[in-house]
Amino acid sequence: MAWLHQPETEAPPDVRRLANLALANFDELALTSRHRSQRSLYLVDLARRSFVQTPDGPPEMQAVAADVTWPWRRLRHLTLGPFRGFRTPEPFDLQKRVILFYGPNGSGKTSLCEGLEYALLGSVEEADTKRIAERIYLENVHARRFQAPVLTATDHQSRDVPVTANPDTYRFCFIEKNRIDAFSRIAARPPAQRTELIATLFGMDKFNEFVGQFNESMDQQLVLNGAKQLLLTARRNALAADQATVEAEPQALLALSIEEAALARTYSEGMTYPDLKGLIGNAENPGRLQELEDILNAVPPAVLGLTREGLLKSFEAARNANDEIVRIIDNLGTRSSQVSFKDLYTAVLALQAIEGNHCPACDTPLAGEIRVATNPYEKAATGLAQLKELSELQEEQKAVQAKVSTVSRELRQQLATLAAFVVAQDEQETPVGQYLCDLAAEPVGEWWAAVYPARGGRQENTPDDAVTVDHLLAVADRVATQDAASLLATQERQRHIDERDRLNEFRLLLQAQDLKRQQLMDALAAARARIAAFDVDNAALIGEVIQEARDIERDASIKAAYDQFLALLRNYRNQLPSTLMAGLNERAMNLYNEFNHNDLDSDKLAALYLPLTADQKIEVSFRGNPQVRVDALHVLSEGHVRCLGLAILLAKSQSSQCPLIVFDDVINAIDHEHRSGIRATVFESDHFAQTQLIVTCHSNEFIKDIQQHLPANRRNDCQVYLFRNHDGNYQPRVTGNVPCRNYVAKARASKDALDDREALASSRQALEMLSEKTWRWLVSHDLGLLSLQLAGVGAEPSLRNLCEAILKRLNDSVNFAHANKPLLQTAYGRILGIPAANLVWTYLNKGTHEEANRDDFDADLVESVVQTLEVLDGLDLRARR
């Protein structure tokens, strides 16, 4: 909001007004999302009610100012359990600035860090990573429950206060392997994860989510288009069309009349439209079309095909055939005896196959002493040959008899046709009709003789009113006349069909033309009605159009303000990482270079460019070629990539002014060659001098090195816890009073206990450690070249020889001026003032071992050694100091 109201932002007044309105209702607005346009719906409703009344000046910013003050400065106490690996409650005193936890794997260190994570963040990330329900993940499997850790802290007024979990506030208080990998390999993550990590890195994840919930547009929720006005305009346009329709009535009617006249002339030249409609006709006034339909619907009589000549020919054929069969029968009658012999001979020959060796009549054998006089079979064959003409006459009789049957059926068929005609003429009661109808279907004999007697005139006893062939021939003449009429009607039918079809085509054209006229008349009537009723029917719409115009004017300004506001908001969000980046690149780069203090200067970073968007990568440039930017993941080794990830996390913690950093076994994520640089940067430098540091580590040596190199003025603000595996009760064994392992502190403790031997043992280790530190300090000031004497190839220089070389280098560097120089000269001069042959130096050179009957040490010399070491330990011998 402050940025938006700056003059250089040049935000329009309506944009500032909308932003002020959103700020005034921020809590409700933040609860909405882009899902189903919830946020747009809320903003539209809000703007319509209050947009105009909202001022565009800067709001009261104190009401929304962020409180950047940490609620406490240092943790004080933690009670943990039942929780993960802790079965019962375990107390931890956390008042010291540096708290070191070490122990073997499985002894409870990770459970301790997860307890702190749960107390500070409200959840444990590893549970989500492993997809285990949090309550199941956090419970102790032996106690079968978990108790939320109880964590207290000391506030800025030194009061004990409970710690309330806040994942946004305390996110960068934790550093462990997975977080180091995540931030060192941002560019290797999927786009969604890169966006989330970048937002998290800059502490803008909630703001990023808030901005992301604004809809791209609120046009769908606003009245921007005059839909009502368009509808009214369309209706007015339709009304104008109605007026034009009414005004064009004479021309339209004239055009229709011209079309109708032209249509009539296409039927026949000189034909008028009314005359054409008369030809077509209608139900009340049938025309030529109906006449043709009646003609065509009347079915003409079928052509029977019966004539006088044909009928006479059939009668004559029947009489001739009958006469012939009579002749043959007469001939057969005169030869009846021959017929009997023929039948006999035929029968005898038929028995030959069965009775072939004797006579079939008397059983007399045909051969032998007693045999027939004449062979009957031979006699029969001879007799049949002689009766050949008789056989032929009988075959002729059969053929003529078949012919008689044929002509009889043909004649009967023609008379059946005459009968059908008589019935059709309703003349079945006349003598001819009764005769024809009474004929049998299959008459026999000379059934036609009654009307067509044999040659020689009328038959006897024939009544005068009897049906004769003349009567039948007269009916046949009538049939022939009807057939001629039917043939003529058939020939005329096609002409009538053609005429009817043409009239039907014009009937359809007339219907279309009449429909066109009717539609015109209906359109004219409807247009006149709409013109008369327009204002009344559209009174409500006219009112809605007036209100719509007001709504458009109101919503157009809201739309313009929202579109510009959203663009400015997203622009601010996109620029925010670079704003929040202030100092972070440089901090991370400086920490990285300190971690890698042993690298060549050309291999150290000249610049670091952390990604600002999901599309960017982590880029670096080296001091050896500072103009070239390269992908960090591409050029850095695995160890250097992890150092970079740790540097980013620590830089973020610094920029956030975190009062606490928890290192969860980070030593496992760092290779051995970088551990000393990280240790010196975190525990010896001033970067985190005001930050509480909690370290868990399974490496006893790393814990020891931290204690050795802590500056003397910070050494007492350190506590060490030892974790050991359980002894059967499934509860880690925790030791919280582990003595300090700093060599100088141990030498002083042993001397105060009058144990000179142990004091010298620790002094030797302390002098080695401090001399090495002094040598490194000289190297940082370009004075590291020493002349040392070695006992042989591969031998280490004696401690006294190293001390002498350091003192000589200090004495020879007459041009080197530093506050530490005279103090170092005095200290090394005092300790080298003890003769080399003295028992003290014997033990300082070779260490203290168990020896029988040894002399006592000179207590004053031992005290002098310890005091000298305390002086050296108190000097700031960090590189380039």
# chains A, B, ... in the order shown; residues from 1 in each chain; ligands from 1

call {"tool": "residues_around", "arguments": {"residues": "segment 101-108 of chain A", "least_positions_apart": "4", "cutoff": "8 Å", "atoms": "only C-alpha atoms", "output": "MDAnalysis selection string"}}
result
chainID A and resid 85:86 112 694:700 703 720:726 732:733

call {"tool": "select_by_dssp", "arguments": {"residues": "segment 647-791 of chain A", "states": "strand (DSSP E)", "output": "JSON, numbers by chain"}}
result
{"A": [660, 661, 662, 663, 664, 692, 693, 694, 695, 696, 697, 718, 719, 720, 721, 722, 723, 724, 733, 734, 735]}

call {"tool": "write_last_selection", "arguments": {"atoms": "C-alpha atoms", "output": "mmCIF file, in the first residue's frame"}}
result
data_model
loop_
_atom_site.group_PDB
_atom_site.id
_atom_site.type_symbol
_atom_site.label_atom_id
_atom_site.label_comp_id
_atom_site.auth_asym_id
_atom_site.auth_seq_id
_atom_site.Cartn_x
_atom_site.Cartn_y
_atom_site.Cartn_z
ATOM 1 C CA LEU A 660 18.107 -19.143 16.996
ATOM 2 C CA ILE A 661 19.611 -21.583 14.500
ATOM 3 C CA VAL A 662 19.230 -25.333 14.952
ATOM 4 C CA PHE A 663 21.756 -27.474 13.036
ATOM 5 C CA ASP A 664 20.327 -31.004 12.759
ATOM 6 C CA GLN A 692 21.744 -18.981 19.863
ATOM 7 C CA LEU A 693 23.226 -22.062 18.165
ATOM 8 C CA ILE A 694 21.955 -25.596 18.807
ATOM 9 C CA VAL A 695 23.998 -28.340 17.165
ATOM 10 C CA THR A 696 23.416 -32.086 16.976
ATOM 11 C CA CYS A 697 26.208 -34.258 15.642
ATOM 12 C CA CYS A 718 28.482 -23.169 25.873
ATOM 13 C CA GLN A 719 26.939 -26.394 27.128
ATOM 14 C CA VAL A 720 27.491 -29.942 25.902
ATOM 15 C CA TYR A 721 24.973 -32.812 26.083
ATOM 16 C CA LEU A 722 25.936 -36.433 25.542
ATOM 17 C CA PHE A 723 23.316 -38.825 24.140
ATOM 18 C CA ARG A 724 23.756 -42.560 24.500
ATOM 19 C CA ARG A 733 20.533 -41.760 28.305
ATOM 20 C CA VAL A 734 21.211 -38.022 28.480
ATOM 21 C CA THR A 735 24.214 -36.485 30.218
#

call {"tool": "select_by_dssp", "arguments": {"residues": "segment 161-269 of chain A", "states": "alpha helix (DSSP H)", "output": "PyMOL selection string"}}
result
chain A and resi 167-170+177-184+191-201+205-212+227-247+249-267

call {"tool": "residues_around", "arguments": {"residues": "Pro89 of chain A", "least_positions_apart": "2", "cutoff": "10 Å", "atoms": "only C-alpha atoms", "output": "PDB file with C-alpha atoms, in the first residue's frame"}}
result
ATOM      1  CA  LEU A  78      12.563 -27.771  26.736  1.00  0.00           C
ATOM      2  CA  THR A  79      10.638 -30.717  28.130  1.00  0.00           C
ATOM      3  CA  LEU A  80      10.381 -33.513  25.595  1.00  0.00           C
ATOM      4  CA  GLY A  81       8.465 -36.756  25.829  1.00  0.00           C
ATOM      5  CA  PRO A  82       6.629 -38.943  25.178  1.00  0.00           C
ATOM      6  CA  PHE A  83       7.700 -37.910  21.707  1.00  0.00           C
ATOM      7  CA  PHE A  86      11.731 -40.285  24.077  1.00  0.00           C
ATOM      8  CA  ARG A  87       9.465 -42.560  26.056  1.00  0.00           C
ATOM      9  CA  PRO A  91      14.233 -31.875  30.568  1.00  0.00           C
ATOM     10  CA  PHE A  92      16.826 -29.818  28.664  1.00  0.00           C
ATOM     11  CA  GLN A 147       2.924 -35.227  24.283  1.00  0.00           C
ATOM     12  CA  PRO A 149       6.894 -30.500  23.698  1.00  0.00           C
ATOM     13  CA  VAL A 150       6.911 -27.700  26.276  1.00  0.00           C
ATOM     14  CA  GLN A 731      14.695 -43.996  26.912  1.00  0.00           C
TER      15      GLN A 731
END

call {"tool": "residues_around", "arguments": {"residues": "Arg308 of chain A", "least_positions_apart": "6", "cutoff": "9 Å", "atoms": "only C-alpha atoms", "output": "ChimeraX atom specification"}}
result
/A:472-477,480

call {"tool": "write_last_selection", "arguments": {"atoms": "N, CA and C atoms", "output": "PDB file, in the first residue's frame"}}
result
ATOM      1  N   LEU A 472     -77.397 -64.959 -78.996  1.00  0.00           N
ATOM      2  CA  LEU A 472     -76.039 -64.873 -78.421  1.00  0.00           C
ATOM      3  C   LEU A 472     -75.135 -63.987 -79.267  1.00  0.00           C
ATOM      4  N   LEU A 473     -75.298 -64.079 -80.598  1.00  0.00           N
ATOM      5  CA  LEU A 473     -74.477 -63.255 -81.477  1.00  0.00           C
ATOM      6  C   LEU A 473     -74.815 -61.777 -81.296  1.00  0.00           C
ATOM      7  N   ALA A 474     -76.081 -61.480 -81.002  1.00  0.00           N
ATOM      8  CA  ALA A 474     -76.468 -60.077 -80.760  1.00  0.00           C
ATOM      9  C   ALA A 474     -75.752 -59.541 -79.507  1.00  0.00           C
ATOM     10  N   VAL A 475     -75.686 -60.381 -78.464  1.00  0.00           N
ATOM     11  CA  VAL A 475     -74.961 -59.947 -77.245  1.00  0.00           C
ATOM     12  C   VAL A 475     -73.486 -59.775 -77.566  1.00  0.00           C
ATOM     13  N   ALA A 476     -72.928 -60.664 -78.410  1.00  0.00           N
ATOM     14  CA  ALA A 476     -71.523 -60.536 -78.788  1.00  0.00           C
ATOM     15  C   ALA A 476     -71.270 -59.232 -79.533  1.00  0.00           C
ATOM     16  N   ASP A 477     -72.295 -58.826 -80.376  1.00  0.00           N
ATOM     17  CA  ASP A 477     -72.143 -57.544 -81.052  1.00  0.00           C
ATOM     18  C   ASP A 477     -72.070 -56.396 -80.039  1.00  0.00           C
ATOM     19  N   ALA A 480     -68.636 -56.286 -78.541  1.00  0.00           N
ATOM     20  CA  ALA A 480     -67.672 -55.687 -79.468  1.00  0.00           C
ATOM     21  C   ALA A 480     -67.779 -54.177 -79.463  1.00  0.00           C
TER      22      ALA A 480
END

call {"tool": "closest_residue", "arguments": {"among": "A:Gln616, A:Gln425, A:Asn668, A:Gln564", "to": "Arg16 of chain A", "atoms": "only C-alpha atoms"}}
result
A:Gln564

call {"tool": "residues_around", "arguments": {"residues": "Leu232 of chain A", "least_positions_apart": "2", "cutoff": "8 Å", "atoms": "only C-alpha atoms", "output": "ChimeraX atom specification"}}
result
/A:228-230,234-236,541-542,545

call {"tool": "write_last_selection", "arguments": {"atoms": "N, CA and C atoms", "output": "PDB file, in the first residue's frame"}}
result
ATOM      1  N   LYS A 228     -29.439  -4.905 -22.529  1.00  0.00           N
ATOM      2  CA  LYS A 228     -30.799  -4.378 -22.612  1.00  0.00           C
ATOM      3  C   LYS A 228     -30.900  -3.336 -23.721  1.00  0.00           C
ATOM      4  N   GLN A 229     -29.879  -2.493 -23.824  1.00  0.00           N
ATOM      5  CA  GLN A 229     -29.881  -1.481 -24.867  1.00  0.00           C
ATOM      6  C   GLN A 229     -29.849  -2.127 -26.254  1.00  0.00           C
ATOM      7  N   LEU A 230     -29.043  -3.183 -26.369  1.00  0.00           N
ATOM      8  CA  LEU A 230     -28.994  -3.890 -27.652  1.00  0.00           C
ATOM      9  C   LEU A 230     -30.351  -4.483 -27.993  1.00  0.00           C
ATOM     10  N   ALA A 234     -32.547  -3.413 -31.031  1.00  0.00           N
ATOM     11  CA  ALA A 234     -33.010  -4.420 -31.997  1.00  0.00           C
ATOM     12  C   ALA A 234     -34.517  -4.303 -32.211  1.00  0.00           C
ATOM     13  N   ARG A 235     -35.218  -4.069 -31.081  1.00  0.00           N
ATOM     14  CA  ARG A 235     -36.673  -3.926 -31.219  1.00  0.00           C
ATOM     15  C   ARG A 235     -37.028  -2.645 -31.962  1.00  0.00           C
ATOM     16  N   ARG A 236     -36.297  -1.568 -31.706  1.00  0.00           N
ATOM     17  CA  ARG A 236     -36.557  -0.326 -32.445  1.00  0.00           C
ATOM     18  C   ARG A 236     -36.227  -0.515 -33.933  1.00  0.00           C
ATOM     19  N   LEU A 541     -38.738  -2.551 -20.431  1.00  0.00           N
ATOM     20  CA  LEU A 541     -37.410  -2.629 -21.035  1.00  0.00           C
ATOM     21  C   LEU A 541     -36.778  -1.246 -21.143  1.00  0.00           C
ATOM     22  N   ILE A 542     -37.557  -0.254 -21.472  1.00  0.00           N
ATOM     23  CA  ILE A 542     -37.019   1.110 -21.575  1.00  0.00           C
ATOM     24  C   ILE A 542     -36.482   1.557 -20.221  1.00  0.00           C
ATOM     25  N   VAL A 545     -33.218  -0.237 -19.581  1.00  0.00           N
ATOM     26  CA  VAL A 545     -32.131   0.342 -20.375  1.00  0.00           C
ATOM     27  C   VAL A 545     -31.560   1.563 -19.672  1.00  0.00           C
TER      28      VAL A 545
END

call {"tool": "closest_residue", "arguments": {"among": "A:Asn215, A:Thr164, A:Asn237, A:Asn178", "to": "Tyr42 of chain A", "atoms": "only C-alpha atoms"}}
result
A:Asn215

call {"tool": "atom_distance", "arguments": {"atom1": "atom CA of Arg517 of chain A", "atom2": "atom CA of Ala238 of chain A"}}
result
20.9 Å

call {"tool": "residues_around", "arguments": {"residues": "segment 263-274 of chain A", "least_positions_apart": "4", "cutoff": "8 Å", "atoms": "only C-alpha atoms", "output": "ChimeraX atom specification"}}
result
/A:259,278,506

call {"tool": "write_last_selection", "arguments": {"atoms": "C-alpha atoms", "output": "JSON list (two decimals), in the first residue's frame"}}
result
[["chain", "number", "residue", "atom", "x", "y", "z"],
["A", 259, "GLU", "CA", -46.02, -11.81, -60.60],
["A", 278, "GLY", "CA", -61.09, -20.82, -62.16],
["A", 506, "PHE", "CA", -49.93, -24.55, -61.59]]

call {"tool": "residues_around", "arguments": {"residues": "Ala836 of chain A", "least_positions_apart": "4", "cutoff": "12 Å", "atoms": "only C-alpha atoms", "output": "VMD selection string"}}
result
chain A and resid 798 to 801 803 to 804 831 to 832 840 to 846

call {"tool": "closest_residue", "arguments": {"among": "A:Glu249, A:Asp27, A:Glu134, A:Glu446", "to": "Asp323 of chain A", "atoms": "only C-alpha atoms"}}
result
A:Glu446

call {"tool": "closest_residue", "arguments": {"among": "A:Leu584, A:Val444, A:Ile834, A:Ala318", "to": "Val400 of chain A", "atoms": "only C-alpha atoms"}}
result
A:Ala318

call {"tool": "closest_residue", "arguments": {"among": "A:Ser33, A:Thr152, A:Ser40, A:Gln243", "to": "Gly212 of chain A", "atoms": "only C-alpha atoms"}}
result
A:Ser33
